$ cat protein24.txt   # compact mmCIF, C-alpha atoms
# COMPACT_ATOMS: atom_id res chain seq x y z
CA MET Y 1081 149.44 130.84 61.59
CA SER Y 1082 150.30 131.70 58.03
CA ILE Y 1083 153.41 133.66 57.29
CA TRP Y 1084 152.28 134.66 53.81
CA PRO Y 1085 151.52 138.32 53.37
CA SER Y 1086 147.86 139.06 52.79
CA GLU Y 1087 148.86 141.81 50.41
CA ILE Y 1088 149.41 140.34 46.95
CA ALA Y 1089 152.57 141.69 45.34
CA VAL Y 1090 152.33 142.95 41.77
CA GLU Y 1091 154.86 140.42 40.50
CA GLU Y 1092 153.01 137.42 41.91
CA ALA Y 1093 151.73 134.81 39.44
CA ILE Y 1094 148.00 134.19 39.78
CA ALA Y 1095 146.39 131.00 38.45
CA ARG Y 1096 142.86 130.28 37.32
CA GLY Y 1097 141.84 126.63 37.03
CA ILE Y 1098 140.10 125.89 33.74
CA CYS Y 1099 137.46 123.18 33.92
CA SER Y 1100 134.93 124.04 31.26
CA ARG Y 1101 135.06 123.51 27.52
CA TYR Y 1102 133.19 126.78 27.21
CA HIS Y 1103 136.23 128.62 28.56
CA VAL Y 1104 138.65 127.53 25.87
CA LYS Y 1105 138.34 127.66 22.11
CA ARG Y 1106 140.94 126.22 19.77
CA GLY Y 1107 143.50 126.26 22.55
CA LYS Y 1108 142.82 129.88 23.43
CA LEU Y 1109 141.29 131.18 26.60
CA LYS Y 1110 137.90 132.85 26.26
CA PRO Y 1111 136.79 135.95 28.21
CA ASP Y 1112 134.23 133.79 30.00
CA ALA Y 1113 137.08 132.21 31.95
CA TYR Y 1114 137.24 135.46 33.92
CA TRP Y 1115 133.49 136.09 34.21
CA PRO Y 1116 132.06 136.09 37.76
CA PRO Y 1117 129.14 133.86 38.74
CA TYR Y 1118 125.73 135.33 39.57
CA ASP Y 1119 125.27 137.39 42.75
CA SER Y 1120 129.01 137.87 43.06
CA ASP Y 1121 131.72 140.00 41.51
CA GLU Y 1122 134.46 137.52 42.39
CA VAL Y 1123 136.49 135.22 40.19
CA SER Y 1124 138.35 132.54 42.16
CA VAL Y 1125 142.09 132.33 41.55
CA MET Y 1126 145.18 130.99 43.31
CA ARG Y 1127 148.50 132.44 44.40
CA VAL Y 1128 150.87 130.18 42.48
CA SER Y 1129 153.92 131.96 43.75
CA TRP Y 1130 153.02 130.77 47.26
CA ILE Y 1131 151.34 127.39 46.91
CA GLY Y 1132 153.08 126.13 43.77
CA ALA Y 1133 151.85 124.46 40.60
CA ASP Y 1134 151.00 121.09 42.17
CA ALA Y 1135 148.64 122.61 44.71
CA CYS Y 1136 147.03 124.79 42.04
CA LYS Y 1137 146.39 121.72 39.92
CA ARG Y 1138 145.00 119.80 42.90
CA HIS Y 1139 142.51 122.57 43.70
CA ALA Y 1140 141.54 122.92 40.04
CA LYS Y 1141 140.97 119.18 39.74
CA ASP Y 1142 138.70 119.34 42.78
CA LEU Y 1143 136.27 121.27 40.58
CA GLU Y 1144 136.02 118.35 38.14
CA ASP Y 1145 132.89 116.33 37.62
CA PRO Y 1146 133.27 114.36 34.37
CA GLU Y 1147 129.69 113.09 34.53
CA GLU Y 1148 128.53 116.69 34.37
CA GLY Y 1149 131.02 117.60 31.66
CA LYS Y 1150 133.33 119.46 34.01
CA ILE Y 1151 136.78 118.29 33.03
CA TYR Y 1152 139.95 119.89 34.27
CA LYS Y 1153 141.89 121.23 31.30
CA GLY Y 1154 144.73 123.34 32.59
CA LEU Y 1155 145.77 126.55 34.30
CA ALA Y 1156 145.75 130.15 33.13
CA ILE Y 1157 148.35 132.51 34.56
CA LEU Y 1158 148.32 136.28 34.98
CA SER Y 1159 150.40 138.59 37.11
CA ALA Y 1160 148.76 140.52 39.91
CA ARG Y 1161 149.87 143.64 38.06
CA GLN Y 1162 148.04 142.61 34.90
CA ILE Y 1163 144.88 141.96 36.87
CA ARG Y 1164 145.00 145.31 38.64
CA GLN Y 1165 145.86 147.20 35.50
CA SER Y 1166 142.71 145.79 33.90
CA GLY Y 1167 140.67 147.72 36.45
CA ALA Y 1168 139.85 144.80 38.77
CA THR Y 1169 141.04 144.40 42.33
CA LEU Y 1170 142.77 141.34 43.67
CA ILE Y 1171 142.43 140.20 47.26
CA ASP Y 1172 143.71 137.32 49.33
CA THR Y 1173 140.87 135.12 50.51
CA ARG Y 1174 142.73 132.45 52.46
CA GLU Y 1175 139.59 131.65 54.43
CA VAL Y 1176 138.51 129.58 51.38
CA PHE Y 1177 141.81 127.70 51.38
CA GLN Y 1178 145.47 128.61 51.75
CA GLY Y 1179 146.53 130.34 48.53
CA HIS Y 1180 143.02 131.28 47.39
CA ALA Y 1181 142.43 134.79 46.11
CA ASP Y 1182 139.66 136.60 44.28
CA ILE Y 1183 139.65 138.91 41.31
CA CYS Y 1184 136.91 141.40 42.17
CA HIS Y 1185 135.29 143.10 39.20
CA GLY Y 1186 132.97 145.38 41.17
CA ILE Y 1187 130.14 144.32 38.86
CA VAL Y 1188 127.62 141.74 40.03
CA PRO Y 1189 125.59 139.83 37.42
CA ARG Y 1190 122.10 138.73 38.43
CA ARG Y 1191 121.02 135.15 37.97
CA GLY Y 1192 119.30 134.62 34.65
CA GLU Y 1193 119.53 138.22 33.43
CA PRO Y 1194 122.16 140.16 31.48
CA LEU Y 1195 123.85 143.16 33.05
CA PRO Y 1196 122.81 146.65 32.00
CA ALA Y 1197 124.55 147.39 28.70
CA ASP Y 1198 127.15 149.79 30.10
CA GLN Y 1199 128.21 147.34 32.83
CA LEU Y 1200 128.09 144.48 30.37
CA LYS Y 1201 130.53 146.25 28.11
CA THR Y 1202 132.86 147.16 30.97
CA LEU Y 1203 132.93 143.59 32.22
CA ARG Y 1204 133.25 142.10 28.76
CA ASP Y 1205 136.17 144.39 27.89
CA ARG Y 1206 137.93 143.55 31.11
CA ALA Y 1207 137.37 139.79 30.86
CA LYS Y 1208 138.59 139.93 27.28
CA THR Y 1209 141.72 141.81 28.32
CA LEU Y 1210 142.47 139.27 31.04
CA ALA Y 1211 141.89 136.32 28.71
CA THR Y 1212 144.18 137.88 26.11
CA LEU Y 1213 146.93 138.65 28.61
CA ALA Y 1214 146.75 135.27 30.33
CA ASN Y 1215 149.27 132.56 29.64
CA TYR Y 1216 147.15 129.47 29.22
CA TYR Y 1217 148.84 126.14 29.99
CA PRO Y 1218 146.80 123.16 28.86
CA ASP Y 1219 147.77 120.35 31.24
CA PRO Y 1220 149.95 117.86 29.32
CA ASP Y 1221 149.04 115.11 31.78
CA PRO Y 1222 145.75 115.91 33.50
CA ALA Y 1223 145.53 112.47 35.12
CA ALA Y 1224 148.86 112.88 36.92
CA GLU Y 1225 148.71 113.98 40.51
CA GLY Y 1226 151.18 116.81 40.17
CA TRP Y 1227 151.85 119.42 37.52
CA ARG Y 1228 154.00 117.93 34.74
CA GLY Y 1229 153.94 120.89 32.42
CA PRO Y 1230 156.40 123.78 32.05
CA ALA Y 1231 156.99 126.29 34.83
CA LEU Y 1232 153.92 128.47 35.29
CA ASP Y 1233 154.64 132.06 34.48
CA TYR Y 1234 152.82 135.08 33.16
CA LYS Y 1235 153.50 136.78 29.86
CA ASP Y 1236 156.05 139.56 29.98
CA GLN Y 1237 154.52 142.98 29.76
CA MET V 733 120.45 157.51 31.30
CA ILE V 734 117.81 156.83 28.75
CA ALA V 735 114.59 155.35 30.05
CA GLU V 736 113.93 151.93 28.69
CA ASN V 737 111.31 151.52 26.06
CA ALA V 738 110.90 155.23 25.83
CA ILE V 739 111.02 157.16 22.61
CA THR V 740 113.88 159.59 22.73
CA GLU V 741 115.00 162.47 20.64
CA GLY V 742 116.40 161.10 17.47
CA PHE V 743 117.55 157.55 17.48
CA TYR V 744 120.56 157.58 19.68
CA LYS V 745 121.98 159.59 22.54
CA ARG V 746 125.45 160.06 23.82
CA HIS V 747 125.93 159.28 27.48
CA PRO V 748 126.78 162.50 29.26
CA GLN V 749 129.62 160.96 31.25
CA SER V 750 130.82 158.19 29.05
CA ASN V 751 132.25 157.63 25.66
CA SER V 752 129.37 155.48 24.50
CA THR V 753 126.15 155.88 22.63
CA ARG V 754 122.97 154.14 23.68
CA VAL V 755 120.77 153.04 20.84
CA ASP V 756 117.16 153.10 21.89
CA LEU V 757 115.59 150.03 20.37
CA THR V 758 111.94 150.87 20.78
CA PRO V 759 109.04 150.05 18.53
CA ILE V 760 109.55 153.47 17.05
CA PHE V 761 110.84 151.79 13.93
CA ALA V 762 108.26 150.47 11.57
CA ALA V 763 110.59 148.56 9.32
CA TRP V 764 114.06 147.20 9.59
CA SER V 765 115.26 149.27 6.68
CA ASP V 766 114.37 152.46 8.52
CA ILE V 767 116.66 151.42 11.27
CA ALA V 768 119.48 150.42 9.05
CA ASN V 769 119.21 153.59 7.06
CA THR V 770 118.66 156.05 9.88
CA ALA V 771 119.47 155.02 13.42
CA VAL V 772 122.51 152.97 12.80
CA GLY V 773 123.29 154.87 9.65
CA GLN V 774 123.62 157.99 11.73
CA PHE V 775 125.71 156.19 14.28
CA PHE V 776 128.11 154.82 11.72
CA ILE V 777 128.96 158.01 10.00
CA LEU V 778 131.21 156.20 7.60
CA ALA V 779 128.19 155.68 5.42
CA GLU V 780 130.06 155.75 2.18
CA GLU V 781 132.22 152.92 3.46
CA VAL V 782 129.31 150.71 4.37
CA THR V 783 128.56 148.02 1.88
CA SER V 784 125.83 145.49 2.42
CA TYR V 785 126.65 141.85 2.64
CA PHE V 786 124.26 139.06 2.02
CA VAL V 787 123.96 135.60 3.52
CA PRO V 788 122.27 133.24 1.07
CA VAL V 789 119.07 131.60 2.24
CA ALA V 790 120.53 128.09 2.24
CA THR V 791 123.45 129.22 4.40
CA ARG V 792 121.10 131.06 6.70
CA ILE V 793 118.94 128.00 7.19
CA GLU V 794 122.00 125.89 7.99
CA GLN V 795 123.34 128.52 10.37
CA ALA V 796 120.01 128.73 12.14
CA LYS V 797 119.82 124.96 12.44
CA SER V 798 123.29 124.83 14.02
CA ALA V 799 122.45 127.71 16.32
CA ARG V 800 119.27 126.03 17.52
CA LEU V 801 121.14 122.83 18.24
CA ALA V 802 123.81 124.75 20.16
CA ILE V 803 121.21 126.56 22.24
CA LYS V 804 119.34 123.37 23.06
CA GLU V 805 122.61 121.82 24.15
CA LEU V 806 123.32 124.80 26.41
CA ALA V 807 119.89 124.40 27.95
CA ASN V 808 120.98 120.97 29.19
CA LEU V 809 123.79 122.38 31.32
CA LYS V 810 123.32 121.66 35.01
CA GLU V 811 123.82 123.92 38.01
CA ASN V 812 127.55 124.66 38.51
CA TRP V 813 128.46 123.58 34.96
CA ASP V 814 131.81 125.40 35.08
CA GLY V 815 132.88 124.29 38.56
CA TYR V 816 132.58 127.85 39.85
CA GLY V 817 128.87 127.96 40.62
CA ALA V 818 127.47 128.80 37.18
CA ALA V 819 123.69 128.93 36.81
CA PRO V 820 121.96 126.65 34.31
CA ILE V 821 120.13 128.08 31.30
CA SER V 822 116.41 128.37 32.02
CA GLU V 823 113.72 127.36 29.54
CA GLN V 824 112.73 131.01 29.29
CA THR V 825 116.24 132.08 28.33
CA ARG V 826 116.50 129.19 25.89
CA ASP V 827 113.23 130.17 24.22
CA ASN V 828 114.25 133.82 24.00
CA ALA V 829 117.55 132.82 22.40
CA LEU V 830 115.77 130.54 19.93
CA ARG V 831 113.47 133.39 19.02
CA PHE V 832 116.46 135.60 18.32
CA VAL V 833 117.88 132.94 16.01
CA SER V 834 114.58 133.02 14.11
CA LEU V 835 114.91 136.79 13.82
CA ILE V 836 118.36 136.41 12.29
CA GLU V 837 117.11 133.74 9.95
CA ALA V 838 114.25 135.91 8.78
CA ALA V 839 116.27 139.10 8.36
CA PRO V 840 116.43 140.39 4.78
CA TYR V 841 120.22 140.14 4.64
CA GLY V 842 120.90 137.64 7.40
CA LEU V 843 123.95 137.89 9.62
CA PRO V 844 127.26 136.08 9.83
CA ALA V 845 126.96 133.09 12.16
CA PRO V 846 127.46 134.24 15.74
CA GLU V 847 129.47 132.42 18.34
CA ILE V 848 126.92 131.28 20.89
CA GLY V 849 127.85 130.47 24.48
CA PRO V 850 126.57 130.14 28.03
CA LYS V 851 127.37 132.73 30.68
CA PRO V 852 128.00 131.81 34.32
CA ASN V 853 124.94 133.82 35.37
CA GLY V 854 122.65 131.68 33.21
CA THR V 855 122.29 133.86 30.14
CA ILE V 856 123.23 133.09 26.54
CA SER V 857 125.65 135.25 24.58
CA PHE V 858 125.85 135.90 20.84
CA GLU V 859 129.17 137.25 19.58
CA TRP V 860 130.35 138.57 16.25
CA GLU V 861 133.92 139.73 15.96
CA THR V 862 136.14 140.98 13.18
CA PRO V 863 139.38 142.94 13.47
CA ARG V 864 137.37 146.18 13.23
CA VAL V 865 134.01 145.37 14.75
CA GLU V 866 132.69 143.62 17.82
CA ALA V 867 128.99 143.00 18.38
CA TYR V 868 127.84 141.30 21.54
CA LEU V 869 124.37 140.40 22.75
CA GLU V 870 123.32 138.63 25.90
CA ILE V 871 119.83 137.22 26.38
CA GLY V 872 118.25 136.22 29.69
CA ASN V 873 114.91 135.28 31.18
CA THR V 874 113.25 138.61 30.63
CA ARG V 875 115.87 140.98 29.22
CA TYR V 876 118.52 141.41 26.55
CA SER V 877 121.55 143.66 26.62
CA GLY V 878 124.43 144.29 24.28
CA PHE V 879 126.74 146.61 22.42
CA VAL V 880 128.44 147.24 19.12
CA THR V 881 131.93 148.69 18.85
CA THR V 882 134.04 149.63 15.89
CA ASP V 883 137.57 150.90 15.66
CA GLN V 884 136.37 154.33 14.60
CA GLN V 885 133.22 155.10 16.57
CA PRO V 886 132.23 155.19 20.24
CA PRO V 887 130.39 152.05 21.29
CA ALA V 888 126.62 151.75 20.86
CA LEU V 889 124.80 150.16 23.79
CA PHE V 890 121.36 148.60 23.67
CA GLU V 891 119.09 146.78 26.10
CA GLY V 892 115.43 146.02 26.68
CA PHE V 893 112.84 143.38 27.42
CA ALA V 894 113.41 140.05 25.72
CA ASP V 895 109.87 139.87 24.45
CA SER V 896 110.43 143.13 22.58
CA MET V 897 113.40 141.81 20.58
CA ASP V 898 112.82 142.34 16.89
CA GLN V 899 114.59 143.06 13.62
CA GLN V 900 115.99 146.28 15.01
CA ILE V 901 118.68 144.40 16.89
CA VAL V 902 119.56 142.31 13.85
CA ALA V 903 119.79 145.53 11.83
CA VAL V 904 122.12 147.14 14.37
CA VAL V 905 124.45 144.18 14.29
CA GLY V 906 124.08 143.79 10.54
CA THR V 907 125.02 147.38 9.86
CA ALA V 908 128.05 147.09 12.08
CA MET V 909 129.13 143.94 10.30
CA SER V 910 128.63 145.69 6.98
CA LEU V 911 131.20 148.17 8.14
CA ALA V 912 133.59 145.29 8.61
CA SER V 913 132.75 143.90 5.21
CA ALA V 914 133.59 147.24 3.62
CA HIS V 915 137.16 146.14 4.12
CA PRO V 916 137.43 142.75 2.46
CA ALA V 917 140.76 142.01 4.05
CA SER V 918 139.12 141.92 7.46
CA ILE V 919 136.38 139.42 6.74
CA THR V 920 136.39 135.79 5.91
CA GLU V 921 132.89 134.48 5.60
CA ILE V 922 130.13 136.87 4.66
CA HIS V 923 130.86 138.32 1.23
CA THR V 924 129.00 136.78 -1.65
CA ALA V 925 128.26 137.89 -5.16
CA ALA V 926 124.57 137.08 -4.73
CA PRO V 927 121.85 139.68 -5.25
CA LYS V 928 121.35 142.05 -2.36
CA HIS V 929 117.67 141.36 -1.84
CA GLU V 930 116.26 137.99 -1.13
CA HIS V 931 113.58 136.97 1.32
CA LEU V 932 113.08 133.74 3.07
CA ALA V 933 109.96 131.85 2.18
CA LEU V 934 108.91 130.84 5.69

$ encode --input "protein24.txt" --output "structure tokens"
Amino acid sequence: MSIWPSEIAVEEAIARGICSRYHVKRGKLKPDAYWPPYDSDEVSVMRVSWIGADACKRHAKDLEDPEEGKIYKGLAILSARQIRQSGATLIDTREVFQGHADICHGIVPRRGEPLPADQLKTLRDRAKTLATLANYYPDPDPAAEGWRGPALDYKDQ
Amino acid sequence: MIAENAITEGFYKRHPQSNSTRVDLTPIFAAWSDIANTAVGQFFILAEEVTSYFVPVATRIEQAKSARLAIKELANLKENWDGYGAAPISEQTRDNALRFVSLIEAAPYGLPAPEIGPKPNGTISFEWETPRVEAYLEIGNTRYSGFVTTDQQPPALFEGFADSMDQQIVAVVGTAMSLASAHPASITEIHTAAPKHEHLAL
């Protein structure tokens, strides 16, 4: 039985594993890093404050598939407050794994088709805000088992 | 809400409950210049500030070549290319995006090179951004959707069927980018001293 609260506190650090070269440009995070997949409004993230940097890296590396061009690059950190202030909701989804959470945009893209223009703009603006606010930490030693970079923290508001 | 592909009063309408303007890109426009001079011209009231830019033919051809290569590369992405369940780019979406590149290439003034990328839902995005202007277009299997924003006007939204994409969209983006180019300090790549009118020999 987990003792972690399901409610995510506003000061919690929330990590997004970055595994696509299309999510980073010249060392900066792109809005696409916070774009949901099709048929879902959810963006998978992790509760760093509870599971720690090593576990976040381990889960992010699980997404890797070098043969398919999916290469783990690093972790992007936001606070729960920043996420909520952007207009998204943030929920604990520990049924996926301990420490997993979802940013819920409330907008669901369809496979193979763009969103209606008004929703597209709303989602784009929000994803852009999150990418701008996020503290992106390129992993200095991606091959290492644990996190060898600086302490993961969000930008001060 | 404006019905798609319907001719509406004037060329744009303000959403009753939002701060945006939806540009109706229907075949109402006979020529690209009509659009640039009327529809978007009305939207961007700062007409006196708008100066045209021009992308030389050689640059345009190179930009189009790079864009086509980028799109073909995106079309090779496999299912789950981002590790989070992203959809691959379909042949239909690829072809629609390639057609849009041809529209840019053939436009009388051209456009600055867009940033082209894949979206997790299997569409392709085209982005133009300056400190004052953002233009964004997403193309899918059967539809396109996008918007233009400036620092002084409410956003203009546009959408429709992909097979109806034509010079109107290029003109909308082009006019917005002209607004950016009216302030030389905010642009880096699209001002030239070349003549304003030049057509591609295709």

$ closest_atom_pairs --input "protein24.txt" --of "chain V" --to "chain Y" --cutoff "6 Å" --atoms "only C-alpha atoms" --output "Markdown table"
| residue | atom | partner | partner_atom | distance |
| --- | --- | --- | --- | --- |
| V:Asp814 | CA | Y:Ser1100 | CA | 5.1 |
| V:Gly815 | CA | Y:Leu1143 | CA | 5.0 |
| V:Ala818 | CA | Y:Pro1117 | CA | 5.6 |
| V:Pro852 | CA | Y:Pro1117 | CA | 5.0 |
| V:Asn853 | CA | Y:Tyr1118 | CA | 4.5 |
| V:Gly854 | CA | Y:Gly1192 | CA | 4.7 |
| V:Thr855 | CA | Y:Gly1192 | CA | 5.5 |
| V:Glu870 | CA | Y:Pro1194 | CA | 5.9 |
| V:Gly872 | CA | Y:Glu1193 | CA | 4.4 |
| V:Asn873 | CA | Y:Gly1192 | CA | 5.6 |
| V:Ser877 | CA | Y:Ala1197 | CA | 5.2 |
| V:Gly878 | CA | Y:Ala1197 | CA | 5.4 |
| V:Leu889 | CA | Y:Ala1197 | CA | 5.6 |

$ atom_distance --input "protein24.txt" --atom1 "atom CA of Y:Ala1211" --atom2 "atom CA of Y:Gln1165"
13.4 Å

$ residues_around --input "protein24.txt" --residues "Y:Thr1173" --least-positions-apart "6" --cutoff "10 Å" --atoms "only C-alpha atoms" --output "list of chain:residue names"
Y:Ser1086, Y:Ser1124, Y:Val1125, Y:Met1126, Y:Gly1179, Y:His1180, Y:Ala1181, Y:Asp1182

$ closest_residue --input "protein24.txt" --among "V:Ala867, V:Ala802, V:Ala908, V:Met897" --to "Y:Asp1205" --atoms "only C-alpha atoms"
V:Ala867

$ residues_around --input "protein24.txt" --residues "Y:Gly1167" --least-positions-apart "6" --cutoff "12 Å" --atoms "only C-alpha atoms" --output "ChimeraX atom specification"
/Y:1160-1161,1183-1187,1202-1203,1205-1207,1209-1210

$ atom_distance --input "protein24.txt" --atom1 "atom CA of V:Ile793" --atom2 "atom CA of V:Glu837"
6.6 Å

$ atom_distance --input "protein24.txt" --atom1 "atom CA of Y:Tyr1216" --atom2 "atom CA of Y:Gly1154"
7.4 Å

$ closest_residue --input "protein24.txt" --among "Y:Gly1229, Y:Glu1091, Y:His1139, Y:Glu1122" --to "V:Gly817" --atoms "only C-alpha atoms"
Y:Glu1122

$ residues_around --input "protein24.txt" --residues "Y:Asn1215" --least-positions-apart "2" --cutoff "6 Å" --atoms "all atoms listed in the file" --output "ChimeraX atom specification"
/Y:1156-1157,1234-1235

$ closest_residue --input "protein24.txt" --among "V:Glu866, V:Asp827, V:Ile836, V:Pro850" --to "V:Lys810" --atoms "all atoms listed in the file"
V:Pro850

$ build_atoms --input "protein24.txt" --residues "stretch 802-818 of chain V" --atoms "N, CA, C and O atoms" --output "CSV table (one decimal), keeping the file's coordinate frame"
chain,number,residue,atom,x,y,z
V,802,ALA,N,122.9,124.3,19.1
V,802,ALA,CA,123.8,124.8,20.2
V,802,ALA,C,123.0,125.3,21.4
V,802,ALA,O,123.4,125.0,22.5
V,803,ILE,N,122.0,126.0,21.1
V,803,ILE,CA,121.2,126.6,22.2
V,803,ILE,C,120.5,125.5,23.0
V,803,ILE,O,120.5,125.5,24.3
V,804,LYS,N,120.0,124.5,22.3
V,804,LYS,CA,119.3,123.4,23.1
V,804,LYS,C,120.4,122.6,23.9
V,804,LYS,O,120.0,122.1,25.0
V,805,GLU,N,121.6,122.5,23.4
V,805,GLU,CA,122.6,121.8,24.2
V,805,GLU,C,122.9,122.6,25.4
V,805,GLU,O,123.1,122.1,26.5
V,806,LEU,N,123.0,124.0,25.2
V,806,LEU,CA,123.3,124.8,26.4
V,806,LEU,C,122.2,124.7,27.5
V,806,LEU,O,122.5,124.7,28.7
V,807,ALA,N,121.0,124.5,27.0
V,807,ALA,CA,119.9,124.4,28.0
V,807,ALA,C,119.9,123.1,28.8
V,807,ALA,O,119.2,123.0,29.8
V,808,ASN,N,120.8,122.2,28.4
V,808,ASN,CA,121.0,121.0,29.2
V,808,ASN,C,122.0,121.1,30.3
V,808,ASN,O,122.2,120.2,31.1
V,809,LEU,N,122.7,122.2,30.3
V,809,LEU,CA,123.8,122.4,31.3
V,809,LEU,C,123.2,122.4,32.7
V,809,LEU,O,122.1,123.0,32.9
V,810,LYS,N,123.8,121.7,33.6
V,810,LYS,CA,123.3,121.7,35.0
V,810,LYS,C,123.9,122.8,35.9
V,810,LYS,O,124.8,123.5,35.5
V,811,GLU,N,123.3,122.9,37.0
V,811,GLU,CA,123.8,123.9,38.0
V,811,GLU,C,125.3,123.7,38.2
V,811,GLU,O,125.8,122.5,38.2
V,812,ASN,N,126.1,124.7,38.3
V,812,ASN,CA,127.6,124.7,38.5
V,812,ASN,C,128.3,124.0,37.4
V,812,ASN,O,129.2,123.2,37.6
V,813,TRP,N,127.9,124.3,36.1
V,813,TRP,CA,128.5,123.6,35.0
V,813,TRP,C,129.9,123.9,34.7
V,813,TRP,O,130.6,123.3,34.0
V,814,ASP,N,130.4,125.0,35.3
V,814,ASP,CA,131.8,125.4,35.1
V,814,ASP,C,132.7,125.1,36.3
V,814,ASP,O,133.9,125.4,36.3
V,815,GLY,N,132.1,124.6,37.3
V,815,GLY,CA,132.9,124.3,38.6
V,815,GLY,C,133.0,125.5,39.5
V,815,GLY,O,133.5,125.4,40.6
V,816,TYR,N,132.5,126.6,39.0
V,816,TYR,CA,132.6,127.8,39.8
V,816,TYR,C,131.2,128.4,40.2
V,816,TYR,O,131.1,129.6,40.5
V,817,GLY,N,130.2,127.5,40.2
V,817,GLY,CA,128.9,128.0,40.6
V,817,GLY,C,128.0,128.6,39.5
V,817,GLY,O,127.0,129.3,39.8
V,818,ALA,N,128.3,128.2,38.3
V,818,ALA,CA,127.5,128.8,37.2
V,818,ALA,C,126.0,128.3,37.2
V,818,ALA,O,125.7,127.2,37.7
